[in-house]
$ cat entry-v5.pdb   # PDB, C-alpha atoms, pLDDT in the B column
ATOM      1  CA  MET S   1     304.712 272.116 165.869  1.00 75.00           C
ATOM      2  CA  GLU S   2     306.856 269.004 166.371  1.00 88.00           C
ATOM      3  CA  LEU S   3     310.014 268.566 164.272  1.00 89.00           C
ATOM      4  CA  ILE S   4     310.714 265.042 162.997  1.00 88.00           C
ATOM      5  CA  GLU S   5     313.900 263.766 161.344  1.00 93.00           C
ATOM      6  CA  THR S   6     313.142 261.694 158.242  1.00 92.00           C
ATOM      7  CA  GLY S   7     315.018 258.816 156.659  1.00 90.00           C
ATOM      8  CA  ASP S   8     317.222 260.954 154.412  1.00 91.00           C
ATOM      9  CA  GLY S   9     318.253 263.201 157.314  1.00 93.00           C
ATOM     10  CA  SER S  10     315.987 266.109 156.374  1.00 92.00           C
ATOM     11  CA  LEU S  11     313.350 267.389 158.778  1.00 92.00           C
ATOM     12  CA  THR S  12     309.608 267.516 158.538  1.00 93.00           C
ATOM     13  CA  LEU S  13     306.746 268.641 160.777  1.00 91.00           C
ATOM     14  CA  ARG S  14     303.929 266.829 162.529  1.00 88.00           C
ATOM     15  CA  HIS S  15     300.552 268.571 162.376  1.00 85.00           C
ATOM     16  CA  GLU S  16     299.365 269.249 165.904  1.00 77.00           C
ATOM     17  CA  GLN S  17     295.673 268.456 165.376  1.00 73.00           C
ATOM     18  CA  LEU S  18     295.815 265.768 162.681  1.00 78.00           C
ATOM     19  CA  GLY S  19     298.958 264.023 163.915  1.00 76.00           C
ATOM     20  CA  GLU S  20     300.083 263.723 160.287  1.00 83.00           C
ATOM     21  CA  LEU S  21     303.555 264.392 158.903  1.00 86.00           C
ATOM     22  CA  TYR S  22     304.004 267.091 156.274  1.00 87.00           C
ATOM     23  CA  HIS S  23     306.350 264.805 154.289  1.00 86.00           C
ATOM     24  CA  SER S  24     307.210 261.121 154.071  1.00 87.00           C
ATOM     25  CA  ASP S  25     309.118 259.751 157.040  1.00 87.00           C
ATOM     26  CA  ARG S  26     311.362 258.067 154.451  1.00 86.00           C
ATOM     27  CA  GLY S  27     312.739 261.457 153.447  1.00 89.00           C
ATOM     28  CA  ALA S  28     311.241 264.940 153.198  1.00 91.00           C
ATOM     29  CA  VAL S  29     313.580 266.297 150.532  1.00 94.00           C
ATOM     30  CA  GLY S  30     313.842 262.986 148.685  1.00 93.00           C
ATOM     31  CA  GLU S  31     310.076 262.625 148.382  1.00 95.00           C
ATOM     32  CA  ALA S  32     309.586 266.226 147.256  1.00 96.00           C
ATOM     33  CA  GLU S  33     312.251 265.937 144.574  1.00 96.00           C
ATOM     34  CA  HIS S  34     310.903 262.625 143.276  1.00 96.00           C
ATOM     35  CA  VAL S  35     307.177 263.437 143.227  1.00 97.00           C
ATOM     36  CA  TYR S  36     306.932 267.137 142.522  1.00 98.00           C
ATOM     37  CA  ILE S  37     310.144 268.068 140.749  1.00 97.00           C
ATOM     38  CA  ARG S  38     311.068 265.032 138.635  1.00 96.00           C
ATOM     39  CA  ALA S  39     307.550 263.659 138.011  1.00 96.00           C
ATOM     40  CA  GLY S  40     305.833 267.054 137.896  1.00 97.00           C
ATOM     41  CA  PHE S  41     307.890 270.128 137.085  1.00 97.00           C
ATOM     42  CA  ASP S  42     310.433 268.356 134.885  1.00 95.00           C
ATOM     43  CA  ALA S  43     307.601 266.770 132.906  1.00 92.00           C
ATOM     44  CA  VAL S  44     306.422 270.150 131.604  1.00 93.00           C
ATOM     45  CA  ILE S  45     309.585 272.231 131.193  1.00 90.00           C
ATOM     46  CA  GLN S  46     310.904 270.871 127.904  1.00 84.00           C
ATOM     47  CA  GLN S  47     308.758 272.952 125.549  1.00 79.00           C
ATOM     48  CA  LYS S  48     308.141 275.964 127.783  1.00 90.00           C
ATOM     49  CA  GLU S  49     310.112 279.017 128.839  1.00 92.00           C
ATOM     50  CA  GLU S  50     307.584 280.002 131.508  1.00 96.00           C
ATOM     51  CA  ILE S  51     305.756 277.532 133.749  1.00 97.00           C
ATOM     52  CA  ALA S  52     302.746 278.219 135.951  1.00 98.00           C
ATOM     53  CA  VAL S  53     302.516 275.994 139.049  1.00 98.00           C
ATOM     54  CA  PHE S  54     299.645 275.575 141.505  1.00 98.00           C
ATOM     55  CA  GLU S  55     300.404 273.857 144.800  1.00 98.00           C
ATOM     56  CA  VAL S  56     297.730 272.432 147.080  1.00 98.00           C
ATOM     57  CA  GLY S  57     299.245 272.569 150.560  1.00 94.00           C
ATOM     58  CA  PHE S  58     302.152 275.016 150.745  1.00 97.00           C
ATOM     59  CA  GLY S  59     303.143 273.462 154.066  1.00 93.00           C
ATOM     60  CA  SER S  60     306.861 273.741 154.779  1.00 95.00           C
ATOM     61  CA  GLY S  61     307.549 275.594 151.521  1.00 96.00           C
ATOM     62  CA  LEU S  62     309.921 272.820 150.442  1.00 97.00           C
ATOM     63  CA  ASN S  63     308.185 272.077 147.123  1.00 98.00           C
ATOM     64  CA  CYS S  64     308.168 275.769 146.279  1.00 98.00           C
ATOM     65  CA  TYR S  65     311.839 276.244 147.106  1.00 98.00           C
ATOM     66  CA  LEU S  66     312.923 273.152 145.153  1.00 98.00           C
ATOM     67  CA  THR S  67     310.915 274.425 142.173  1.00 98.00           C
ATOM     68  CA  TYR S  68     312.652 277.794 142.438  1.00 98.00           C
ATOM     69  CA  ARG S  69     316.041 276.094 142.455  1.00 97.00           C
ATOM     70  CA  GLN S  70     315.151 273.847 139.526  1.00 97.00           C
ATOM     71  CA  ALA S  71     313.808 276.793 137.547  1.00 96.00           C
ATOM     72  CA  LEU S  72     317.078 278.683 137.959  1.00 95.00           C
ATOM     73  CA  ALA S  73     319.119 275.631 136.981  1.00 95.00           C
ATOM     74  CA  ASN S  74     317.071 275.268 133.774  1.00 95.00           C
ATOM     75  CA  ARG S  75     316.764 279.007 133.067  1.00 95.00           C
ATOM     76  CA  LYS S  76     312.977 278.929 133.219  1.00 96.00           C
ATOM     77  CA  ARG S  77     310.586 281.571 134.514  1.00 97.00           C
ATOM     78  CA  VAL S  78     308.013 280.361 137.034  1.00 98.00           C
ATOM     79  CA  ASP S  79     304.686 281.819 138.137  1.00 98.00           C
ATOM     80  CA  TYR S  80     304.002 279.865 141.346  1.00 98.00           C
ATOM     81  CA  SER S  81     300.714 279.878 143.254  1.00 98.00           C
ATOM     82  CA  ALA S  82     299.866 277.995 146.438  1.00 98.00           C
ATOM     83  CA  ILE S  83     296.882 277.505 148.712  1.00 98.00           C
ATOM     84  CA  ASP S  84     296.962 276.656 152.415  1.00 96.00           C
ATOM     85  CA  LEU S  85     294.387 277.310 155.111  1.00 93.00           C
ATOM     86  CA  TYR S  86     296.810 277.044 158.041  1.00 90.00           C
ATOM     87  CA  PRO S  87     300.286 278.138 156.903  1.00 94.00           C
ATOM     88  CA  ILE S  88     303.241 277.672 159.230  1.00 93.00           C
ATOM     89  CA  GLY S  89     305.082 280.649 160.674  1.00 94.00           C
ATOM     90  CA  VAL S  90     308.482 281.962 159.575  1.00 95.00           C
ATOM     91  CA  GLY S  91     310.014 280.875 162.887  1.00 94.00           C
ATOM     92  CA  THR S  92     308.921 277.285 162.302  1.00 95.00           C
ATOM     93  CA  ALA S  93     310.211 277.377 158.726  1.00 95.00           C
ATOM     94  CA  ARG S  94     313.587 278.588 159.987  1.00 94.00           C
ATOM     95  CA  GLN S  95     313.900 275.533 162.268  1.00 94.00           C
ATOM     96  CA  LEU S  96     313.663 273.139 159.302  1.00 93.00           C
ATOM     97  CA  HIS S  97     317.186 274.057 158.139  1.00 92.00           C
ATOM     98  CA  TYR S  98     316.545 273.006 154.542  1.00 93.00           C
ATOM     99  CA  THR S  99     318.931 275.595 153.154  1.00 95.00           C
ATOM    100  CA  ASP S 100     320.970 278.689 153.999  1.00 93.00           C
ATOM    101  CA  ASP S 101     319.531 280.420 150.943  1.00 95.00           C
ATOM    102  CA  PRO S 102     317.575 283.465 152.213  1.00 95.00           C
ATOM    103  CA  VAL S 103     315.029 282.943 149.432  1.00 96.00           C
ATOM    104  CA  PHE S 104     313.545 280.039 151.421  1.00 96.00           C
ATOM    105  CA  LEU S 105     312.509 282.338 154.272  1.00 96.00           C
ATOM    106  CA  THR S 106     311.381 284.995 151.795  1.00 97.00           C
ATOM    107  CA  LEU S 107     308.860 282.493 150.434  1.00 97.00           C
ATOM    108  CA  HIS S 108     307.358 282.267 153.937  1.00 97.00           C
ATOM    109  CA  GLU S 109     307.561 285.982 154.675  1.00 97.00           C
ATOM    110  CA  LEU S 110     305.542 287.047 151.636  1.00 98.00           C
ATOM    111  CA  PRO S 111     301.921 287.845 152.565  1.00 97.00           C
ATOM    112  CA  TRP S 112     298.968 285.520 152.081  1.00 97.00           C
ATOM    113  CA  ASP S 113     297.033 288.146 150.157  1.00 97.00           C
ATOM    114  CA  GLY S 114     296.272 286.487 146.820  1.00 96.00           C
ATOM    115  CA  GLU S 115     298.603 288.917 145.036  1.00 97.00           C
ATOM    116  CA  ARG S 116     301.573 288.056 142.856  1.00 97.00           C
ATOM    117  CA  HIS S 117     304.938 288.933 144.430  1.00 98.00           C
ATOM    118  CA  ALA S 118     308.301 288.910 142.688  1.00 97.00           C
ATOM    119  CA  VAL S 119     310.830 286.663 144.415  1.00 96.00           C
ATOM    120  CA  ASP S 120     313.731 286.887 141.970  1.00 88.00           C
ATOM    121  CA  GLY S 121     313.082 289.675 139.484  1.00 87.00           C
ATOM    122  CA  ASP S 122     310.933 288.362 136.641  1.00 88.00           C
ATOM    123  CA  ARG S 123     312.298 284.822 136.997  1.00 94.00           C
ATOM    124  CA  PHE S 124     310.128 283.621 139.893  1.00 98.00           C
ATOM    125  CA  SER S 125     306.915 284.982 141.374  1.00 98.00           C
ATOM    126  CA  LEU S 126     304.734 283.677 144.194  1.00 98.00           C
ATOM    127  CA  THR S 127     301.020 284.109 144.892  1.00 98.00           C
ATOM    128  CA  LYS S 128     299.749 282.706 148.202  1.00 98.00           C
ATOM    129  CA  TYR S 129     296.064 282.083 148.950  1.00 98.00           C
ATOM    130  CA  ARG S 130     295.095 281.504 152.577  1.00 97.00           C
ATOM    131  CA  ALA S 131     291.875 279.658 151.861  1.00 96.00           C
ATOM    132  CA  ASP S 132     289.966 276.386 152.093  1.00 95.00           C
ATOM    133  CA  LEU S 133     290.414 274.398 148.884  1.00 95.00           C
ATOM    134  CA  SER S 134     286.868 273.032 149.087  1.00 93.00           C
ATOM    135  CA  THR S 135     285.362 276.543 148.844  1.00 95.00           C
ATOM    136  CA  PHE S 136     288.125 278.318 146.891  1.00 96.00           C
ATOM    137  CA  ASP S 137     286.896 280.225 143.820  1.00 94.00           C
ATOM    138  CA  PHE S 138     288.711 278.934 140.720  1.00 94.00           C
ATOM    139  CA  SER S 139     286.651 281.016 138.278  1.00 93.00           C
ATOM    140  CA  ALA S 140     289.511 283.411 137.498  1.00 94.00           C
ATOM    141  CA  LEU S 141     292.014 280.585 137.011  1.00 96.00           C
ATOM    142  CA  ALA S 142     290.645 278.766 133.961  1.00 95.00           C
ATOM    143  CA  GLU S 143     293.454 277.000 132.053  1.00 96.00           C
ATOM    144  CA  ARG S 144     296.100 279.016 133.872  1.00 97.00           C
ATOM    145  CA  PHE S 145     298.445 276.313 135.169  1.00 98.00           C
ATOM    146  CA  ASP S 146     300.885 273.896 133.557  1.00 97.00           C
ATOM    147  CA  VAL S 147     301.269 271.685 136.614  1.00 98.00           C
ATOM    148  CA  VAL S 148     299.432 271.046 139.895  1.00 98.00           C
ATOM    149  CA  TYR S 149     301.328 269.751 142.919  1.00 98.00           C
ATOM    150  CA  PHE S 150     298.702 268.018 145.031  1.00 98.00           C
ATOM    151  CA  ASP S 151     300.291 267.775 148.477  1.00 96.00           C
ATOM    152  CA  ALA S 152     297.332 267.728 150.843  1.00 93.00           C
ATOM    153  CA  PHE S 153     297.339 265.441 153.865  1.00 91.00           C
ATOM    154  CA  ALA S 154     296.469 261.796 153.125  1.00 91.00           C
ATOM    155  CA  PRO S 155     293.046 260.868 151.692  1.00 92.00           C
ATOM    156  CA  ASP S 156     292.194 258.920 154.850  1.00 90.00           C
ATOM    157  CA  VAL S 157     292.747 262.080 156.914  1.00 90.00           C
ATOM    158  CA  GLN S 158     291.235 264.737 154.630  1.00 91.00           C
ATOM    159  CA  PRO S 159     289.004 262.793 152.195  1.00 93.00           C
ATOM    160  CA  GLY S 160     287.060 265.886 151.145  1.00 92.00           C
ATOM    161  CA  LEU S 161     290.148 267.417 149.570  1.00 95.00           C
ATOM    162  CA  TRP S 162     290.628 264.368 147.320  1.00 97.00           C
ATOM    163  CA  SER S 163     287.072 264.318 146.009  1.00 97.00           C
ATOM    164  CA  GLU S 164     285.862 264.258 142.426  1.00 97.00           C
ATOM    165  CA  ALA S 165     284.539 267.812 142.874  1.00 96.00           C
ATOM    166  CA  ILE S 166     288.013 269.092 143.793  1.00 97.00           C
ATOM    167  CA  MET S 167     289.626 267.245 140.890  1.00 97.00           C
ATOM    168  CA  HIS S 168     287.091 268.799 138.510  1.00 96.00           C
ATOM    169  CA  ARG S 169     288.160 272.268 139.676  1.00 96.00           C
ATOM    170  CA  LEU S 170     291.824 271.452 139.206  1.00 97.00           C
ATOM    171  CA  PHE S 171     291.124 269.984 135.763  1.00 97.00           C
ATOM    172  CA  TYR S 172     289.444 273.300 134.892  1.00 96.00           C
ATOM    173  CA  SER S 173     292.469 275.287 136.111  1.00 97.00           C
ATOM    174  CA  LEU S 174     295.024 273.339 134.047  1.00 97.00           C
ATOM    175  CA  LYS S 175     296.017 274.140 130.488  1.00 96.00           C
ATOM    176  CA  PRO S 176     295.561 271.417 127.849  1.00 95.00           C
ATOM    177  CA  GLU S 177     298.313 268.821 128.414  1.00 95.00           C
ATOM    178  CA  GLY S 178     298.680 270.133 131.973  1.00 96.00           C
ATOM    179  CA  VAL S 179     299.992 267.716 134.601  1.00 97.00           C
ATOM    180  CA  TRP S 180     298.710 266.839 138.098  1.00 98.00           C
ATOM    181  CA  VAL S 181     301.038 264.941 140.466  1.00 98.00           C
ATOM    182  CA  SER S 182     300.772 263.544 143.982  1.00 97.00           C
ATOM    183  CA  TYR S 183     302.416 261.064 146.317  1.00 96.00           C
ATOM    184  CA  SER S 184     299.133 259.164 146.785  1.00 95.00           C
ATOM    185  CA  ALA S 185     298.125 256.255 144.553  1.00 94.00           C
ATOM    186  CA  LYS S 186     294.912 255.204 146.312  1.00 94.00           C
ATOM    187  CA  GLY S 187     292.196 253.693 144.169  1.00 95.00           C
ATOM    188  CA  ALA S 188     289.654 256.317 145.237  1.00 96.00           C
ATOM    189  CA  VAL S 189     292.008 259.085 144.105  1.00 97.00           C
ATOM    190  CA  LYS S 190     292.476 257.477 140.688  1.00 97.00           C
ATOM    191  CA  GLN S 191     288.719 257.115 140.376  1.00 97.00           C
ATOM    192  CA  ALA S 192     288.131 260.782 141.254  1.00 97.00           C
ATOM    193  CA  LEU S 193     290.746 261.925 138.736  1.00 97.00           C
ATOM    194  CA  ARG S 194     289.311 259.813 135.922  1.00 97.00           C
ATOM    195  CA  ALA S 195     285.786 261.024 136.706  1.00 97.00           C
ATOM    196  CA  ALA S 196     287.047 264.603 136.458  1.00 96.00           C
ATOM    197  CA  GLY S 197     288.429 263.910 132.957  1.00 96.00           C
ATOM    198  CA  PHE S 198     292.090 263.168 133.588  1.00 97.00           C
ATOM    199  CA  GLU S 199     294.145 260.439 131.991  1.00 97.00           C
ATOM    200  CA  VAL S 200     295.790 258.743 134.977  1.00 97.00           C
ATOM    201  CA  PHE S 201     299.209 257.078 135.193  1.00 96.00           C
ATOM    202  CA  ARG S 202     300.699 255.105 138.068  1.00 95.00           C
ATOM    203  CA  LEU S 203     304.436 255.747 138.504  1.00 96.00           C
ATOM    204  CA  PRO S 204     307.066 254.335 140.876  1.00 95.00           C
ATOM    205  CA  GLY S 205     306.789 256.040 144.246  1.00 91.00           C
ATOM    206  CA  ALA S 206     309.477 257.888 146.165  1.00 91.00           C
ATOM    207  CA  LEU S 207     312.150 256.237 148.314  1.00 84.00           C
ATOM    208  CA  GLY S 208     310.891 252.687 148.067  1.00 80.00           C
ATOM    209  CA  LYS S 209     307.174 253.473 148.083  1.00 86.00           C
ATOM    210  CA  ARG S 210     305.453 251.341 145.437  1.00 88.00           C
ATOM    211  CA  HIS S 211     303.460 253.948 143.538  1.00 94.00           C
ATOM    212  CA  MET S 212     302.500 257.597 143.031  1.00 97.00           C
ATOM    213  CA  LEU S 213     300.160 259.230 140.524  1.00 97.00           C
ATOM    214  CA  ARG S 214     300.545 261.522 137.553  1.00 98.00           C
ATOM    215  CA  ALA S 215     297.410 262.673 135.721  1.00 98.00           C
ATOM    216  CA  VAL S 216     297.248 264.563 132.433  1.00 97.00           C
ATOM    217  CA  LYS S 217     294.609 266.822 130.945  1.00 96.00           C
ATOM    218  CA  SER S 218     294.926 265.655 127.349  1.00 84.00           C
ATOM    219  CA  ILE S 219     293.866 267.861 124.449  1.00 69.00           C
ATOM    220  CA  LYS S 220     291.104 265.412 123.567  1.00 61.00           C
ATOM    221  CA  GLN S 221     289.771 265.497 127.119  1.00 56.00           C
ATOM    222  CA  SER S 222     290.022 269.300 127.272  1.00 49.00           C
ATOM    223  CA  PHE S 223     287.540 269.730 124.430  1.00 43.00           C
ATOM    224  CA  ARG S 224     285.252 266.784 125.035  1.00 45.00           C
TER     225      ARG S 224
END
$ encode --input "entry-v5.pdb" --output "structure tokens"
Amino acid sequence: MELIETGDGSLTLRHEQLGELYHSDRGAVGEAEHVYIRAGFDAVIQQKEEIAVFEVGFGSGLNCYLTYRQALANRKRVDYSAIDLYPIGVGTARQLHYTDDPVFLTLHELPWDGERHAVDGDRFSLTKYRADLSTFDFSALAERFDVVYFDAFAPDVQPGLWSEAIMHRLFYSLKPEGVWVSYSAKGAVKQALRAAGFEVFRLPGALGKRHMLRAVKSIKQSFR
């Protein structure tokens, strides 16, 4: 796995088969903080003491770690779940040098067994599913999550993961008023989200990128 330095000095990885970067070349940490923390996690924490997060594409573990750090700073409890078919190894994660905090490597060391594991007492837990999103069984996850981080590789590279069928499943897994966020603002993605029932908003993108998307499962849509 090739290490790449991004525009803000933080590292990312290049996928060996797809040739795609795991984060924006403008800045790995900067993009993650903008898209998933500020536009996603922070959008749902005001009225909640406990937040359930579902991440599509665990990847480098950066989104998960930043969520852990933000949860501690805001004294929130987080139940975090993530799905990835080809997770990176602990040795690769160590080379990214995102932090000296041992929790970052713990997030990678926990097994991909679909079981909930405590990371920091009752304040943060992590469930990791090693599975294909297109065939993953969401039946036990109805209205479980407050926010979905959609961090799959780009729609041009993995179009099947950005389909209307996938967005329907994620709509089903979100609580009413739940939030979906992603770095992509492609027209086909907006169309798939709207077809699945989401209310879609275009927001300023990270680090000079024009746009990103936030979608909301409104109460009206939840019971239509």
$ closest_residue --input "entry-v5.pdb" --among "S:Ala195, S:Ala52, S:Ala32, S:Met1" --to "Gly19 in chain S" --atoms "all atoms listed in the file"
S:Met1
$ closest_residue --input "entry-v5.pdb" --among "S:Gly59, S:Gly160, S:Gly208, S:Pro155" --to "Ala93 in chain S" --atoms "only C-alpha atoms"
S:Gly59
$ atom_distance --input "entry-v5.pdb" --atom1 "CA of Glu5 in chain S" --atom2 "CA of Trp112 in chain S"
28.0 Å
$ atom_distance --input "entry-v5.pdb" --atom1 "CA of Asp8 in chain S" --atom2 "CA of Val103 in chain S"
22.7 Å
$ resolve_selection --input "entry-v5.pdb" --expression "the PyMOL selection byres ((chain S and resi 209) around 12)" --output "compact mmCIF listing (two decimals) with C-alpha atoms, in the coordinates of the input"
# COMPACT_ATOMS: atom_id res chain seq x y z
CA SER S 24 307.21 261.12 154.07
CA ASP S 25 309.12 259.75 157.04
CA ARG S 26 311.36 258.07 154.45
CA GLY S 27 312.74 261.46 153.45
CA GLY S 30 313.84 262.99 148.68
CA GLU S 31 310.08 262.62 148.38
CA HIS S 34 310.90 262.62 143.28
CA VAL S 35 307.18 263.44 143.23
CA TYR S 183 302.42 261.06 146.32
CA SER S 184 299.13 259.16 146.78
CA ALA S 185 298.12 256.26 144.55
CA LEU S 203 304.44 255.75 138.50
CA PRO S 204 307.07 254.34 140.88
CA GLY S 205 306.79 256.04 144.25
CA ALA S 206 309.48 257.89 146.16
CA LEU S 207 312.15 256.24 148.31
CA GLY S 208 310.89 252.69 148.07
CA ARG S 210 305.45 251.34 145.44
CA HIS S 211 303.46 253.95 143.54
CA MET S 212 302.50 257.60 143.03
CA LEU S 213 300.16 259.23 140.52
$ residues_near_point --input "entry-v5.pdb" --point "(301.0, 279.7, 141.8)" --cutoff "8 Å" --atoms "all atoms listed in the file" --output "ChimeraX atom specification"
/S:52-55,79-82,125-128,145
$ resolve_selection --input "entry-v5.pdb" --expression "the PyMOL selection byres ((chain S and resi 105) around 10)" --output "PyMOL selection string"
chain S and resi 61+65+89-91+93-94+99-104+106-110
$ residues_near_point --input "entry-v5.pdb" --point "(299.5, 263.0, 134.0)" --cutoff "8 Å" --atoms "only C-alpha atoms" --output "JSON, numbers by chain"
{"S": [178, 179, 180, 181, 198, 199, 200, 201, 213, 214, 215, 216, 217]}
$ write_last_selection --input "entry-v5.pdb" --atoms "C-alpha atoms" --output "PDB file, keeping the file's coordinate frame"
ATOM      1  CA  GLY S 178     298.680 270.133 131.973  1.00 96.00           C
ATOM      2  CA  VAL S 179     299.992 267.716 134.601  1.00 97.00           C
ATOM      3  CA  TRP S 180     298.710 266.839 138.098  1.00 98.00           C
ATOM      4  CA  VAL S 181     301.038 264.941 140.466  1.00 98.00           C
ATOM      5  CA  PHE S 198     292.090 263.168 133.588  1.00 97.00           C
ATOM      6  CA  GLU S 199     294.145 260.439 131.991  1.00 97.00           C
ATOM      7  CA  VAL S 200     295.790 258.743 134.977  1.00 97.00           C
ATOM      8  CA  PHE S 201     299.209 257.078 135.193  1.00 96.00           C
ATOM      9  CA  LEU S 213     300.160 259.230 140.524  1.00 97.00           C
ATOM     10  CA  ARG S 214     300.545 261.522 137.553  1.00 98.00           C
ATOM     11  CA  ALA S 215     297.410 262.673 135.721  1.00 98.00           C
ATOM     12  CA  VAL S 216     297.248 264.563 132.433  1.00 97.00           C
ATOM     13  CA  LYS S 217     294.609 266.822 130.945  1.00 96.00           C
TER      14      LYS S 217
END
$ atom_distance --input "entry-v5.pdb" --atom1 "CA of Lys190 in chain S" --atom2 "CA of Glu177 in chain S"
17.7 Å
$ residues_around --input "entry-v5.pdb" --residues "Leu72 in chain S" --least-positions-apart "5" --cutoff "9 Å" --atoms "all atoms listed in the file" --output "ChimeraX atom specification"
/S:67,77,123-124
$ resolve_selection --input "entry-v5.pdb" --expression "the PyMOL selection byres ((chain S and resi 70) around 12)" --output "PyMOL selection string"
chain S and resi 33+36-38+40-42+45+51+63-69+71-78+123-124
$ write_last_selection --input "entry-v5.pdb" --atoms "C-alpha atoms" --output "compact mmCIF listing (two decimals), in the frame of the given file"
# COMPACT_ATOMS: atom_id res chain seq x y z
CA GLU S 33 312.25 265.94 144.57
CA TYR S 36 306.93 267.14 142.52
CA ILE S 37 310.14 268.07 140.75
CA ARG S 38 311.07 265.03 138.64
CA GLY S 40 305.83 267.05 137.90
CA PHE S 41 307.89 270.13 137.08
CA ASP S 42 310.43 268.36 134.88
CA ILE S 45 309.58 272.23 131.19
CA ILE S 51 305.76 277.53 133.75
CA ASN S 63 308.18 272.08 147.12
CA CYS S 64 308.17 275.77 146.28
CA TYR S 65 311.84 276.24 147.11
CA LEU S 66 312.92 273.15 145.15
CA THR S 67 310.92 274.42 142.17
CA TYR S 68 312.65 277.79 142.44
CA ARG S 69 316.04 276.09 142.46
CA ALA S 71 313.81 276.79 137.55
CA LEU S 72 317.08 278.68 137.96
CA ALA S 73 319.12 275.63 136.98
CA ASN S 74 317.07 275.27 133.77
CA ARG S 75 316.76 279.01 133.07
CA LYS S 76 312.98 278.93 133.22
CA ARG S 77 310.59 281.57 134.51
CA VAL S 78 308.01 280.36 137.03
CA ARG S 123 312.30 284.82 137.00
CA PHE S 124 310.13 283.62 139.89
$ closest_residue --input "entry-v5.pdb" --among "S:Lys175, S:Phe153, S:Leu96, S:Asp137" --to "Val44 in chain S" --atoms "only C-alpha atoms"
S:Lys175
$ closest_residue --input "entry-v5.pdb" --among "S:Gly121, S:Pro87, S:Gly114, S:Gly57" --to "Val148 in chain S" --atoms "all atoms listed in the file"
S:Gly57
$ axis_aligned_box --input "entry-v5.pdb" --around "range 64-79 of chain S" --padding-each-side "4 Å" --output "AutoDock Vina command-line options"
--center_x 311.9 --center_y 277.5 --center_z 140.1 --size_x 22.4 --size_y 16.7 --size_z 22.0
$ closest_residue --input "entry-v5.pdb" --among "S:Ile88, S:Ala43, S:Ala165, S:Val56" --to "Leu13 in chain S" --atoms "all atoms listed in the file"
S:Ile88
$ closest_residue --input "entry-v5.pdb" --among "S:Gln95, S:Glu50, S:Arg130, S:Ile83" --to "Ile4 in chain S" --atoms "all atoms listed in the file"
S:Gln95
$ build_atoms --input "entry-v5.pdb" --residues "range 5-15 of chain S" --atoms "N, CA, C and O atoms" --output "tab-separated table (two decimals), in the frame of the given file"
chain	number	residue	atom	x	y	z
S	5	GLU	N	312.86	264.08	162.32
S	5	GLU	CA	313.90	263.77	161.34
S	5	GLU	C	313.45	262.60	160.48
S	5	GLU	O	313.00	261.56	160.99
S	6	THR	N	313.57	262.74	159.16
S	6	THR	CA	313.14	261.69	158.24
S	6	THR	C	314.33	260.84	157.80
S	6	THR	O	315.48	261.11	158.15
S	7	GLY	N	314.02	259.81	157.01
S	7	GLY	CA	315.02	258.82	156.66
S	7	GLY	C	316.22	259.32	155.89
S	7	GLY	O	317.28	258.69	155.93
S	8	ASP	N	316.08	260.42	155.15
S	8	ASP	CA	317.22	260.95	154.41
S	8	ASP	C	317.95	262.05	155.19
S	8	ASP	O	318.82	262.73	154.65
S	9	GLY	N	317.59	262.22	156.46
S	9	GLY	CA	318.25	263.20	157.31
S	9	GLY	C	317.60	264.56	157.32
S	9	GLY	O	317.93	265.39	158.18
S	10	SER	N	316.69	264.83	156.39
S	10	SER	CA	315.99	266.11	156.37
S	10	SER	C	314.82	266.09	157.34
S	10	SER	O	314.31	265.02	157.71
S	11	LEU	N	314.40	267.27	157.77
S	11	LEU	CA	313.35	267.39	158.78
S	11	LEU	C	311.98	267.57	158.15
S	11	LEU	O	311.85	268.06	157.03
S	12	THR	N	310.98	267.20	158.90
S	12	THR	CA	309.61	267.52	158.54
S	12	THR	C	308.87	267.92	159.80
S	12	THR	O	309.45	267.97	160.90
S	13	LEU	N	307.58	268.20	159.66
S	13	LEU	CA	306.75	268.64	160.78
S	13	LEU	C	305.60	267.67	160.99
S	13	LEU	O	305.13	267.03	160.04
S	14	ARG	N	305.14	267.58	162.23
S	14	ARG	CA	303.93	266.83	162.53
S	14	ARG	C	302.81	267.81	162.86
S	14	ARG	O	302.96	268.65	163.75
S	15	HIS	N	301.69	267.69	162.15
S	15	HIS	CA	300.55	268.57	162.38
S	15	HIS	C	299.97	268.31	163.76
S	15	HIS	O	299.72	267.16	164.14
